[in-house]
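Student: If it helps, the file is called run-v5.txt and holds compact mmCIF, C-alpha atoms and all ligand atoms:
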# COMPACT_ATOMS: atom_id res chain seq x y z
CA MET A 1 0.00 0.00 0.00
CA VAL A 2 1.46 3.32 -1.06
CA SER A 3 -0.02 5.94 1.20
CA THR A 4 -0.78 9.33 -0.24
CA LEU A 5 -2.06 10.64 3.08
CA HIS A 6 -0.14 13.51 4.58
CA TYR A 7 0.93 13.68 8.17
CA PRO A 8 2.57 16.63 9.94
CA VAL A 9 6.36 16.59 10.01
CA ASN A 10 8.73 18.88 11.95
CA GLN A 11 12.15 20.28 11.02
CA GLU A 12 13.93 17.12 12.21
CA GLY A 13 11.89 15.14 9.72
CA HIS A 14 9.91 13.56 12.56
CA LEU A 15 6.19 12.95 12.70
CA THR A 16 4.31 15.23 15.07
CA ILE A 17 1.13 14.46 17.00
CA ALA A 18 -0.89 17.47 18.15
CA GLY A 19 2.31 19.48 17.94
CA ALA A 20 4.51 17.01 19.84
CA ASP A 21 7.44 15.14 18.27
CA ALA A 22 6.40 11.47 18.03
CA VAL A 23 9.98 10.24 18.40
CA GLU A 24 10.33 12.24 21.63
CA LEU A 25 7.02 10.80 22.88
CA ALA A 26 8.33 7.28 22.24
CA LYS A 27 11.50 8.14 24.13
CA GLU A 28 9.72 9.70 27.06
CA TYR A 29 6.97 7.13 27.55
CA GLY A 30 8.49 4.00 26.01
CA THR A 31 6.81 1.83 23.40
CA PRO A 32 4.31 0.63 22.52
CA VAL A 33 2.44 3.76 23.45
CA ILE A 34 -0.87 5.05 22.12
CA ALA A 35 -0.80 8.82 21.69
CA TYR A 36 -4.12 10.64 21.33
CA ASN A 37 -4.44 13.98 19.59
CA ILE A 38 -6.92 15.49 22.02
CA ASP A 39 -7.16 18.69 19.97
CA LEU A 40 -8.78 16.54 17.28
CA VAL A 41 -11.08 14.76 19.74
CA ARG A 42 -12.39 18.08 21.02
CA GLN A 43 -12.79 19.45 17.50
CA ARG A 44 -14.92 16.43 16.48
CA ALA A 45 -17.02 16.56 19.64
CA ARG A 46 -17.77 20.24 19.03
CA LYS A 47 -18.61 19.70 15.36
CA PHE A 48 -21.24 17.08 16.21
CA LYS A 49 -22.76 19.22 18.95
CA ASP A 50 -22.57 22.57 17.17
CA THR A 51 -24.23 21.23 14.04
CA PHE A 52 -27.32 20.22 16.01
CA ASP A 53 -27.34 23.61 17.74
CA GLU A 54 -27.04 25.47 14.44
CA LEU A 55 -30.01 23.53 13.10
CA ASN A 56 -31.99 24.36 16.23
CA VAL A 57 -32.60 20.77 17.24
CA LYS A 58 -32.54 19.47 20.77
CA SER A 59 -29.92 16.75 20.88
CA GLN A 60 -27.61 14.62 22.91
CA VAL A 61 -24.28 13.51 21.49
CA ALA A 62 -23.23 10.50 23.54
CA TYR A 63 -19.69 9.21 23.31
CA ALA A 64 -19.98 5.44 22.72
CA SER A 65 -17.21 4.74 25.15
CA LYS A 66 -16.58 1.10 24.35
CA ALA A 67 -14.34 2.50 21.59
CA PHE A 68 -11.88 3.68 24.24
CA SER A 69 -12.78 3.76 27.89
CA SER A 70 -10.66 5.48 30.53
CA ILE A 71 -11.13 8.05 33.24
CA ALA A 72 -9.24 10.72 31.30
CA ILE A 73 -11.19 10.36 28.05
CA TYR A 74 -14.45 10.53 30.04
CA GLN A 75 -13.18 13.76 31.58
CA VAL A 76 -12.53 15.20 28.11
CA MET A 77 -16.05 14.27 26.98
CA LYS A 78 -17.49 15.78 30.14
CA GLU A 79 -15.60 19.01 29.48
CA GLU A 80 -17.06 19.06 25.97
CA GLY A 81 -20.59 18.65 27.31
CA LEU A 82 -21.20 15.28 25.73
CA SER A 83 -23.29 12.44 27.10
CA LEU A 84 -21.85 8.97 27.59
CA ASP A 85 -22.80 5.44 26.54
CA VAL A 86 -21.61 2.59 28.72
CA VAL A 87 -22.16 -1.11 28.07
CA SER A 88 -21.07 -2.73 31.31
CA GLY A 89 -20.66 -2.27 35.03
CA GLY A 90 -16.95 -1.71 34.40
CA GLU A 91 -17.53 1.19 32.04
CA LEU A 92 -20.15 2.63 34.37
CA TYR A 93 -17.71 2.34 37.26
CA THR A 94 -15.07 4.17 35.22
CA ALA A 95 -17.58 6.92 34.36
CA LEU A 96 -18.51 7.42 38.00
CA LYS A 97 -14.81 7.51 38.94
CA ALA A 98 -14.40 10.26 36.32
CA ASP A 99 -17.25 12.17 37.98
CA PHE A 100 -19.28 12.04 34.78
CA PRO A 101 -22.75 13.54 35.38
CA PRO A 102 -24.93 10.42 35.96
CA ASP A 103 -27.98 11.98 34.28
CA LYS A 104 -26.03 12.04 31.01
CA ILE A 105 -25.02 8.37 31.16
CA HIS A 106 -26.89 5.85 28.99
CA PHE A 107 -26.56 2.13 29.67
CA HIS A 108 -26.48 -0.30 26.72
CA GLY A 109 -26.02 -4.05 26.41
CA ASN A 110 -27.86 -7.21 25.44
CA ASN A 111 -27.28 -9.03 28.72
CA LYS A 112 -27.03 -6.56 31.57
CA SER A 113 -26.84 -8.42 34.85
CA TYR A 114 -29.16 -7.73 37.77
CA GLN A 115 -26.19 -6.34 39.66
CA GLU A 116 -25.25 -4.01 36.77
CA LEU A 117 -28.82 -2.72 36.61
CA GLU A 118 -28.83 -2.13 40.37
CA MET A 119 -25.59 -0.19 39.94
CA ALA A 120 -27.29 1.98 37.31
CA PHE A 121 -30.23 2.61 39.66
CA ASP A 122 -27.92 3.41 42.58
CA ALA A 123 -26.12 5.96 40.42
CA ASN A 124 -29.44 7.25 39.08
CA ILE A 125 -28.24 7.34 35.51
CA GLY A 126 -30.10 9.16 32.75
CA CYS A 127 -31.39 6.31 30.67
CA ILE A 128 -31.28 2.57 30.15
CA VAL A 129 -31.40 1.35 26.57
CA VAL A 130 -33.51 -1.78 26.92
CA ASP A 131 -32.53 -4.63 24.66
CA ASN A 132 -34.98 -7.51 25.28
CA PHE A 133 -38.06 -8.76 27.18
CA ASP A 134 -36.09 -10.31 30.05
CA GLU A 135 -34.48 -6.97 30.76
CA LEU A 136 -37.81 -5.17 30.49
CA LEU A 137 -39.37 -7.47 33.10
CA THR A 138 -36.37 -7.09 35.42
CA LEU A 139 -36.66 -3.32 35.10
CA ARG A 140 -40.37 -3.37 35.94
CA GLN A 141 -39.55 -5.36 39.05
CA LEU A 142 -36.58 -3.18 40.06
CA THR A 143 -38.41 0.11 39.64
CA LYS A 144 -41.38 -1.16 41.68
CA GLU A 145 -39.29 -2.64 44.47
CA ARG A 146 -37.15 0.47 44.75
CA LYS A 147 -40.01 2.87 43.99
CA GLN A 148 -37.54 4.56 41.67
CA ARG A 149 -38.28 6.00 38.27
CA MET A 150 -36.13 5.17 35.26
CA ALA A 151 -36.14 6.52 31.72
CA ILE A 152 -35.67 4.01 28.94
CA LEU A 153 -35.18 3.76 25.22
CA LEU A 154 -36.24 0.62 23.40
CA ARG A 155 -33.48 -0.66 21.15
CA VAL A 156 -34.84 -2.06 17.90
CA THR A 157 -33.38 -3.79 14.87
CA PRO A 158 -34.89 -1.97 11.94
CA GLY A 159 -33.68 -4.54 9.41
CA ILE A 160 -31.46 -2.09 7.62
CA GLU A 161 -28.16 -3.34 6.35
CA ALA A 162 -25.68 -0.51 6.41
CA HIS A 163 -22.92 -0.49 3.83
CA THR A 164 -20.07 -1.79 5.89
CA HIS A 165 -17.94 -4.77 6.86
CA THR A 166 -20.29 -7.72 7.49
CA TYR A 167 -18.56 -8.80 10.72
CA ILE A 168 -19.52 -5.59 12.43
CA THR A 169 -22.99 -5.02 11.14
CA THR A 170 -25.72 -5.06 13.78
CA GLY A 171 -28.74 -3.55 12.06
CA GLN A 172 -29.93 -6.66 10.25
CA GLN A 173 -32.84 -8.78 11.42
CA ASP A 174 -30.55 -11.60 12.54
CA SER A 175 -28.90 -9.73 15.38
CA LYS A 176 -28.48 -10.51 19.05
CA PHE A 177 -29.36 -6.88 19.80
CA GLY A 178 -32.74 -5.30 20.29
CA PHE A 179 -36.44 -5.90 19.63
CA ASP A 180 -37.38 -6.69 16.06
CA LEU A 181 -39.20 -3.75 14.57
CA GLY A 182 -40.93 -5.66 11.80
CA ASN A 183 -42.42 -8.69 13.59
CA GLY A 184 -44.35 -7.00 16.39
CA GLN A 185 -41.76 -7.45 19.18
CA ALA A 186 -41.14 -3.73 19.48
CA ASP A 187 -44.91 -3.06 19.69
CA GLU A 188 -45.25 -5.71 22.39
CA ALA A 189 -42.39 -4.19 24.38
CA PHE A 190 -43.90 -0.71 24.15
CA ARG A 191 -47.37 -1.97 25.15
CA LEU A 192 -45.88 -3.60 28.26
CA VAL A 193 -44.41 -0.40 29.70
CA TYR A 194 -45.67 2.80 28.08
CA ASP A 195 -48.16 3.47 30.90
CA ASP A 196 -45.97 2.03 33.67
CA GLU A 197 -45.95 4.00 36.91
CA TYR A 198 -42.16 4.15 37.17
CA ILE A 199 -40.83 3.55 33.69
CA GLU A 200 -40.71 6.46 31.29
CA VAL A 201 -40.41 5.44 27.64
CA LEU A 202 -38.33 8.13 25.92
CA GLY A 203 -38.47 6.53 22.48
CA LEU A 204 -36.61 4.27 20.12
CA HIS A 205 -32.97 3.49 19.53
CA CYS A 206 -31.15 1.74 16.71
CA HIS A 207 -27.52 1.28 15.73
CA ILE A 208 -27.27 0.16 12.14
CA GLY A 209 -23.57 -0.67 11.91
CA SER A 210 -20.07 0.70 12.00
CA GLN A 211 -17.62 2.47 9.75
CA ILE A 212 -20.49 3.78 7.57
CA PHE A 213 -19.63 6.27 4.83
CA GLU A 214 -23.11 7.12 3.61
CA THR A 215 -26.08 8.86 5.14
CA ASN A 216 -28.87 6.95 3.40
CA GLY A 217 -28.82 4.12 5.97
CA PHE A 218 -29.36 6.59 8.80
CA VAL A 219 -32.14 8.32 6.90
CA ALA A 220 -33.88 4.99 6.17
CA ALA A 221 -33.60 4.01 9.84
CA ALA A 222 -34.93 7.37 10.99
CA GLU A 223 -37.91 6.92 8.69
CA LYS A 224 -38.77 3.49 10.10
CA LEU A 225 -38.37 4.49 13.74
CA LEU A 226 -40.25 7.74 13.39
CA LEU A 227 -43.11 5.96 11.65
CA LYS A 228 -43.33 3.53 14.57
CA MET A 229 -43.36 6.34 17.15
CA GLN A 230 -46.05 8.04 15.14
CA GLN A 231 -48.16 4.84 15.05
CA TRP A 232 -47.89 4.52 18.82
CA ASN A 233 -48.92 8.13 19.12
CA GLU A 234 -52.11 7.39 17.19
CA THR A 235 -52.87 4.12 18.97
CA TYR A 236 -51.93 5.02 22.55
CA GLN A 237 -51.91 8.84 22.53
CA TYR A 238 -48.34 8.61 23.80
CA THR A 239 -45.66 10.88 22.34
CA CYS A 240 -42.11 9.54 22.45
CA PRO A 241 -39.80 12.55 22.86
CA VAL A 242 -36.51 10.99 21.72
CA LEU A 243 -35.14 9.34 18.59
CA ASN A 244 -31.69 7.79 18.96
CA LEU A 245 -29.92 6.81 15.73
CA GLY A 246 -26.80 5.30 17.26
CA GLY A 247 -23.25 5.66 15.95
CA GLY A 248 -21.17 4.12 13.23
CA PHE A 249 -19.85 7.22 11.47
CA GLY A 250 -16.85 6.21 9.41
CA ILE A 251 -13.26 7.40 9.74
CA ARG A 252 -10.17 7.23 7.57
CA TYR A 253 -7.88 4.29 8.26
CA THR A 254 -6.18 4.26 4.85
CA ASP A 255 -6.46 6.44 1.78
CA GLU A 256 -9.13 4.08 0.44
CA ASP A 257 -11.53 5.43 3.08
CA GLU A 258 -13.49 8.57 2.34
CA PRO A 259 -15.45 9.53 5.42
CA LEU A 260 -17.99 12.34 5.56
CA SER A 261 -17.56 15.14 8.03
CA PRO A 262 -19.59 15.13 11.27
CA GLU A 263 -21.60 18.10 9.91
CA ILE A 264 -22.78 16.12 6.89
CA TYR A 265 -23.94 13.10 8.90
CA VAL A 266 -25.81 15.31 11.35
CA LYS A 267 -27.27 17.66 8.74
CA GLU A 268 -28.65 14.93 6.51
CA MET A 269 -30.17 13.13 9.48
CA VAL A 270 -31.75 16.26 10.88
CA LEU A 271 -33.14 17.43 7.54
CA ALA A 272 -34.73 14.02 6.92
CA ILE A 273 -36.27 13.86 10.38
CA LYS A 274 -37.56 17.43 10.11
CA ARG A 275 -39.16 16.61 6.76
CA LEU A 276 -40.78 13.40 8.08
CA SER A 277 -41.98 15.13 11.19
CA ASN A 278 -43.54 17.93 9.11
CA GLU A 279 -45.25 15.49 6.78
CA SER A 280 -46.80 13.52 9.62
CA ALA A 281 -47.46 16.36 12.09
CA PHE A 282 -45.56 14.29 14.66
CA PRO A 283 -43.64 16.69 16.91
CA LEU A 284 -39.93 16.87 16.11
CA PRO A 285 -38.20 14.59 18.62
CA GLU A 286 -34.94 15.23 20.37
CA ILE A 287 -32.26 13.55 18.27
CA TRP A 288 -29.57 11.54 20.01
CA ILE A 289 -26.50 10.06 18.37
CA GLU A 290 -23.68 7.88 19.66
CA PRO A 291 -20.36 8.38 17.89
CA GLY A 292 -17.53 6.20 19.17
CA ARG A 293 -14.89 5.61 16.52
CA SER A 294 -15.42 9.02 14.87
CA LEU A 295 -14.53 10.82 18.12
CA VAL A 296 -11.38 8.91 19.06
CA GLY A 297 -10.38 6.59 16.19
CA ASP A 298 -8.18 8.69 13.96
CA ALA A 299 -7.07 10.74 16.95
CA GLY A 300 -5.03 7.75 18.16
CA THR A 301 -1.58 6.75 16.87
CA THR A 302 0.31 3.75 18.17
CA LEU A 303 4.09 4.15 18.38
CA TYR A 304 6.06 0.92 18.23
CA THR A 305 9.78 0.25 18.20
CA ILE A 306 10.96 -1.75 15.23
CA GLY A 307 12.89 -4.92 16.12
CA SER A 308 13.85 -7.89 14.00
CA GLN A 309 13.34 -8.34 10.27
CA LYS A 310 13.00 -11.43 8.13
CA LYS A 311 13.39 -11.38 4.37
CA ILE A 312 12.05 -14.27 2.32
CA PRO A 313 13.40 -13.50 -1.16
CA GLY A 314 10.64 -13.21 -3.71
CA THR A 315 7.96 -13.75 -1.06
CA ARG A 316 7.84 -11.32 1.79
CA HIS A 317 9.83 -8.97 3.98
CA TYR A 318 8.68 -9.02 7.59
CA VAL A 319 9.38 -6.11 9.91
CA ALA A 320 8.47 -6.88 13.52
CA VAL A 321 7.38 -4.40 16.18
CA ASP A 322 7.25 -4.61 19.98
CA GLY A 323 3.44 -5.05 20.15
CA GLY A 324 0.84 -6.61 17.91
CA MET A 325 -2.53 -8.33 18.24
CA SER A 326 -2.28 -7.90 22.02
CA ASP A 327 -2.69 -4.13 21.65
CA ASN A 328 -4.59 -4.12 18.34
CA ILE A 329 -6.57 -7.20 17.44
CA ARG A 330 -8.54 -5.60 14.61
CA PRO A 331 -6.30 -6.69 11.72
CA ALA A 332 -6.46 -10.32 12.91
CA LEU A 333 -10.16 -10.15 13.85
CA TYR A 334 -11.65 -8.15 10.99
CA GLN A 335 -8.85 -7.99 8.42
CA ALA A 336 -8.87 -4.28 9.28
CA LYS A 337 -6.53 -2.14 7.20
CA TYR A 338 -4.20 0.49 8.61
CA ASP A 339 -1.60 2.96 7.41
CA ALA A 340 1.76 3.55 9.08
CA LYS A 341 4.95 5.56 8.67
CA VAL A 342 8.39 5.49 10.19
CA ALA A 343 8.19 8.42 12.60
CA ASN A 344 11.93 9.21 12.56
CA ARG A 345 12.28 8.91 8.75
CA MET A 346 9.26 10.82 7.48
CA THR A 347 11.11 12.38 4.54
CA ALA A 348 13.03 9.28 3.39
CA PRO A 349 11.91 7.61 0.15
CA THR A 350 9.51 4.69 0.77
CA ASN A 351 11.11 2.10 -1.47
CA HIS A 352 10.55 -1.12 0.52
CA ILE A 353 7.35 -3.14 0.61
CA VAL A 354 7.03 -4.90 3.92
CA THR A 355 4.59 -6.67 6.21
CA ILE A 356 4.45 -5.32 9.72
CA ALA A 357 4.35 -8.26 12.12
CA GLY A 358 3.56 -8.25 15.81
CA LYS A 359 5.50 -10.19 18.41
CA CYS A 360 2.72 -12.56 19.45
CA CYS A 361 2.99 -16.28 18.83
CA GLU A 362 0.42 -16.44 16.03
CA SER A 363 1.21 -16.45 12.32
CA GLY A 364 -1.88 -14.27 11.91
CA ASP A 365 -0.35 -11.56 14.09
CA LYS A 366 0.27 -9.22 11.19
CA LEU A 367 -0.66 -5.58 11.65
CA ILE A 368 -0.24 -4.31 8.07
CA GLU A 369 0.49 -6.15 4.83
CA ASP A 370 2.31 -4.64 1.85
CA LEU A 371 3.21 -1.33 3.41
CA SER A 372 5.66 0.96 1.62
CA ILE A 373 8.30 2.25 4.00
CA PRO A 374 11.92 3.40 3.84
CA GLU A 375 14.75 1.06 4.75
CA VAL A 376 14.55 0.62 8.52
CA GLN A 377 16.69 -0.69 11.32
CA THR A 378 16.22 -1.89 14.86
CA GLY A 379 15.22 1.02 17.08
CA ASP A 380 13.30 2.98 14.46
CA ILE A 381 9.83 4.12 15.52
CA LEU A 382 6.82 2.92 13.56
CA ALA A 383 3.72 5.11 13.87
CA MET A 384 0.51 3.23 13.08
CA PHE A 385 -2.37 5.62 12.48
CA SER A 386 -6.05 5.65 13.45
CA THR A 387 -5.66 3.16 16.28
CA GLY A 388 -7.66 5.20 18.80
CA ALA A 389 -10.87 3.13 18.65
CA TYR A 390 -11.21 -0.54 19.59
CA GLY A 391 -7.45 -0.83 20.00
CA TYR A 392 -6.58 -0.36 23.65
CA ALA A 393 -10.22 -1.17 24.44
CA MET A 394 -9.74 -4.68 23.05
CA ALA A 395 -6.16 -5.13 24.27
CA SER A 396 -5.23 -8.30 26.10
CA ASN A 397 -2.29 -9.81 27.94
CA TYR A 398 -1.87 -12.53 25.32
CA ASN A 399 1.61 -14.02 25.68
CA ARG A 400 1.63 -12.10 28.95
CA LEU A 401 2.57 -8.88 27.20
CA PRO A 402 1.91 -5.89 29.43
CA ARG A 403 -0.68 -3.49 28.00
CA PRO A 404 0.83 -0.29 26.52
CA ALA A 405 0.83 3.18 27.99
CA VAL A 406 -1.65 5.81 26.78
CA VAL A 407 -0.80 9.51 26.54
CA PHE A 408 -2.89 12.52 25.62
CA VAL A 409 -1.32 15.30 23.57
CA GLU A 410 -2.89 18.70 23.38
CA GLY A 411 -1.34 21.88 22.01
CA GLY A 412 2.07 20.21 21.92
CA GLN A 413 1.90 19.12 25.58
CA SER A 414 1.72 15.45 26.53
CA GLN A 415 0.37 13.77 29.63
CA LEU A 416 0.30 10.12 30.71
CA VAL A 417 -3.30 8.97 31.21
CA ILE A 418 -2.92 5.19 31.45
CA ARG A 419 0.26 3.75 32.91
CA ARG A 420 2.06 1.01 31.03
CA GLU A 421 1.45 -2.31 32.71
CA VAL A 422 4.43 -3.88 34.46
CA TYR A 423 5.13 -7.56 35.08
CA GLU A 424 3.74 -7.24 38.60
CA ASP A 425 0.36 -6.33 37.01
CA ILE A 426 0.57 -9.46 34.91
CA VAL A 427 0.63 -11.77 37.94
CA ARG A 428 -1.60 -9.62 40.14
CA ASN A 429 -4.47 -12.10 40.20
CA ASP A 430 -2.40 -15.27 40.01
CA LEU A 431 -2.37 -17.42 43.13
CA SER A 432 0.46 -19.76 43.95
CA LEU A 433 -0.32 -23.42 44.65
CA TYR A 434 1.88 -23.00 47.71
CA GLU A 435 0.42 -19.70 48.96
CA SER A 436 0.23 -20.84 52.62
CA GLU A 437 3.87 -22.00 52.71
CA GLU A 438 5.14 -18.75 51.19
CA LYS A 439 3.42 -16.56 53.77
C1 LIG B 501 -20.56 0.41 19.14
C2 LIG B 501 -21.76 1.24 19.27
C3 LIG B 501 -21.71 2.59 18.92
C4 LIG B 501 -20.49 3.26 18.36
O1 LIG B 501 -20.11 2.77 17.14
P1 LIG B 501 -18.91 3.49 16.35
O2 LIG B 501 -18.79 2.70 15.11
O3 LIG B 501 -17.71 3.38 17.21
O4 LIG B 501 -19.32 4.89 16.15
C5 LIG B 501 -22.85 3.35 19.11
N1 LIG B 501 -23.98 2.81 19.60
C6 LIG B 501 -24.07 1.50 19.93
C7 LIG B 501 -25.32 0.97 20.47
C8 LIG B 501 -22.97 0.67 19.77
O5 LIG B 501 -23.06 -0.61 20.10
So that I can check it, write out the structure of this file as structure tokens.
Ligand SMILES: *Cc1c(COP(=O)(O)O)cnc(C)c1O

Tutor:
Amino acid sequence: MVSTLHYPVNQEGHLTIAGADAVELAKEYGTPVIAYNIDLVRQRARKFKDTFDELNVKSQVAYASKAFSSIAIYQVMKEEGLSLDVVSGGELYTALKADFPPDKIHFHGNNKSYQELEMAFDANIGCIVVDNFDELLTLRQLTKERKQRMAILLRVTPGIEAHTHTYITTGQQDSKFGFDLGNGQADEAFRLVYDDEYIEVLGLHCHIGSQIFETNGFVAAAEKLLLKMQQWNETYQYTCPVLNLGGGFGIRYTDEDEPLSPEIYVKEMVLAIKRLSNESAFPLPEIWIEPGRSLVGDAGTTLYTIGSQKKIPGTRHYVAVDGGMSDNIRPALYQAKYDAKVANRMTAPTNHIVTIAGKCCESGDKLIEDLSIPEVQTGDILAMFSTGAYGYAMASNYNRLPRPAVVFVEGGQSQLVIRREVYEDIVRNDLSLYESEEK
């Protein structure tokens, strides 16, 4: 892959990230390290929010935090006035640790445990996105027992197949998520709770996929969901105030990707919903969206140190780095494509075609195939771009590799926000067979 994308370079010929020299970052924090351009994160967050404001629509932009969850990123989103999606007790715990306003937290998931739901009630979060009948019944019970109100959205599968990678599509009928919109399940769910004493039905939610580069899928979904809310309005005289269209806005991983700007996604959605609402005389709902990848994905760059190389004449030239599928499983899991450059040789001619290999004991642990780079040697720094979403979040200790450090860079200044794991962390939960003798 010959990249034609341009990345900022300083006078030393080094890559810069939010104004900081990437080679210096690698030196200071060690490698692998994931460096986030927080200037870019803030810029994206504002674009999503401001576009709704400019169009005069009530909205909530919720950061879908499974993309990258940490106390510091939650603090950034809080500063930017965003809401927050969590999908587990662990993410909720992290949000509360970050002092995220509970009323702006939304809880997702297809199998929330009783204990996780109790945690959400204890924290008095803003909304639970209900996924199935079992959860709905548990919620009815919990609200009654605790005499505590809870706002909910009903997650539905609208049967829309977004244009994206099939492994990560969730909007089709055959999905583990949500009530089916077409076969009456969503109607049944609504009928069960719309007049409940404690449960307040805010409206409908769908998430039609990920890494989507077109707006027509969102518009089609909005149409289906709005029609359903309008039907319920006629049948039950109940007006749902919220329409949540999920996330999935695409980003650029390689120069084959051509994402739309946040403004375009939001504008097209809003215009369609305004038109539909006008046509049907159904009051314009609040519009909620849930960007994950598009807030943090291309803001993240992983810096690795290059180690050994293996040349198989006529076949392949492997260049290995000091991380791999343990800090980024997406290439192995989804055949995800990435771009990379040698951070300390940004101006050198890229005349070698190599495969970037990780250091894990799996032949499939290849991060990038057929990448054009300059001649490299041990100690050079490889910068792999757009690793900010579903990278660290999916990291593991496979081969007992410690998880990398994470730093935030803003206006040229860097700050450690997740410490690199050390070997002591690796054995933290291990118990010795001979524990009693050792003590
Ligand atoms: C994963 C997810 C998102 C975010 O998806 P991105 O592709 O990261 O924008 C939003 N909403 C729901 C319900 C999700 O599961």

Student: Counting all atoms listed in the file, which residues of region 22-81 of chain A fall within 10 Å of region 321-333 of chain A, and what is the closest atom pair for each with its distance in Å at one decimal, ordered by chain and rising number, as CSV?

Tutor:
residue,atom,partner,partner_atom,distance
A:Thr31,CA,A:Asp322,CA,7.3
A:Pro32,CA,A:Gly323,CA,6.2
A:Val33,CA,A:Gly323,CA,9.5
A:Ile34,CA,A:Asp327,CA,9.4

Student: Using all atoms listed in the file, what are the residues with an atom within 10 Å of ligand LIG 501 (chain B), set out as an MDAnalysis selection string?

Tutor: chainID A and resid 62:68 85:87 106:110 129 155 168:170 177:178 205:212 244:251 289:297 389:390

Student: Atoms to include: C-alpha atoms. Write the selected residues as an mmCIF file, in the coordinates of the input.

Tutor:
data_model
loop_
_atom_site.group_PDB
_atom_site.id
_atom_site.type_symbol
_atom_site.label_atom_id
_atom_site.label_comp_id
_atom_site.auth_asym_id
_atom_site.auth_seq_id
_atom_site.Cartn_x
_atom_site.Cartn_y
_atom_site.Cartn_z
ATOM 1 C CA ALA A 62 -23.230 10.500 23.540
ATOM 2 C CA TYR A 63 -19.690 9.210 23.310
ATOM 3 C CA ALA A 64 -19.980 5.440 22.720
ATOM 4 C CA SER A 65 -17.210 4.740 25.150
ATOM 5 C CA LYS A 66 -16.580 1.100 24.350
ATOM 6 C CA ALA A 67 -14.340 2.500 21.590
ATOM 7 C CA PHE A 68 -11.880 3.680 24.240
ATOM 8 C CA ASP A 85 -22.800 5.440 26.540
ATOM 9 C CA VAL A 86 -21.610 2.590 28.720
ATOM 10 C CA VAL A 87 -22.160 -1.110 28.070
ATOM 11 C CA HIS A 106 -26.890 5.850 28.990
ATOM 12 C CA PHE A 107 -26.560 2.130 29.670
ATOM 13 C CA HIS A 108 -26.480 -0.300 26.720
ATOM 14 C CA GLY A 109 -26.020 -4.050 26.410
ATOM 15 C CA ASN A 110 -27.860 -7.210 25.440
ATOM 16 C CA VAL A 129 -31.400 1.350 26.570
ATOM 17 C CA ARG A 155 -33.480 -0.660 21.150
ATOM 18 C CA ILE A 168 -19.520 -5.590 12.430
ATOM 19 C CA THR A 169 -22.990 -5.020 11.140
ATOM 20 C CA THR A 170 -25.720 -5.060 13.780
ATOM 21 C CA PHE A 177 -29.360 -6.880 19.800
ATOM 22 C CA GLY A 178 -32.740 -5.300 20.290
ATOM 23 C CA HIS A 205 -32.970 3.490 19.530
ATOM 24 C CA CYS A 206 -31.150 1.740 16.710
ATOM 25 C CA HIS A 207 -27.520 1.280 15.730
ATOM 26 C CA ILE A 208 -27.270 0.160 12.140
ATOM 27 C CA GLY A 209 -23.570 -0.670 11.910
ATOM 28 C CA SER A 210 -20.070 0.700 12.000
ATOM 29 C CA GLN A 211 -17.620 2.470 9.750
ATOM 30 C CA ILE A 212 -20.490 3.780 7.570
ATOM 31 C CA ASN A 244 -31.690 7.790 18.960
ATOM 32 C CA LEU A 245 -29.920 6.810 15.730
ATOM 33 C CA GLY A 246 -26.800 5.300 17.260
ATOM 34 C CA GLY A 247 -23.250 5.660 15.950
ATOM 35 C CA GLY A 248 -21.170 4.120 13.230
ATOM 36 C CA PHE A 249 -19.850 7.220 11.470
ATOM 37 C CA GLY A 250 -16.850 6.210 9.410
ATOM 38 C CA ILE A 251 -13.260 7.400 9.740
ATOM 39 C CA ILE A 289 -26.500 10.060 18.370
ATOM 40 C CA GLU A 290 -23.680 7.880 19.660
ATOM 41 C CA PRO A 291 -20.360 8.380 17.890
ATOM 42 C CA GLY A 292 -17.530 6.200 19.170
ATOM 43 C CA ARG A 293 -14.890 5.610 16.520
ATOM 44 C CA SER A 294 -15.420 9.020 14.870
ATOM 45 C CA LEU A 295 -14.530 10.820 18.120
ATOM 46 C CA VAL A 296 -11.380 8.910 19.060
ATOM 47 C CA GLY A 297 -10.380 6.590 16.190
ATOM 48 C CA ALA A 389 -10.870 3.130 18.650
ATOM 49 C CA TYR A 390 -11.210 -0.540 19.590
#

Student: Around the point (11.5, 0.7, 13.8) in the file's coordinates, collect all residues with an atom within 8 Å, using only C-alpha atoms, and return them as an MDAnalysis selection string.

Tutor: chainID A and resid 304:307 321 342 376:382

Student: Could you please determine the separation between CA of Thr355 (chain A) and CA of Arg316 (chain A) in Å, to one decimal place?

Tutor: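 Between these atoms lies a distance of 7.2 Å.
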
Student: When you count all atoms listed in the file, which of these residues is closest to Asp255 (chain A): A:Leu367, A:Cys240, A:Leu276, A:Ala340?

Tutor: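 The answer is A:Ala340, which sits nearest to Asp255 (chain A).
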
Student: Tell me which protein, DNA and RNA residues are within 7 Å of Gly388 (chain A), counting only C-alpha atoms, leaving out same-chain ones fewer than 6 positions away, and put them as a list in words.

Tutor: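 Near Gly388 (chain A), the qualifying residues are Tyr36, Val296, Gly297, Asp298, Ala299, Gly300 and Thr301 of chain A.
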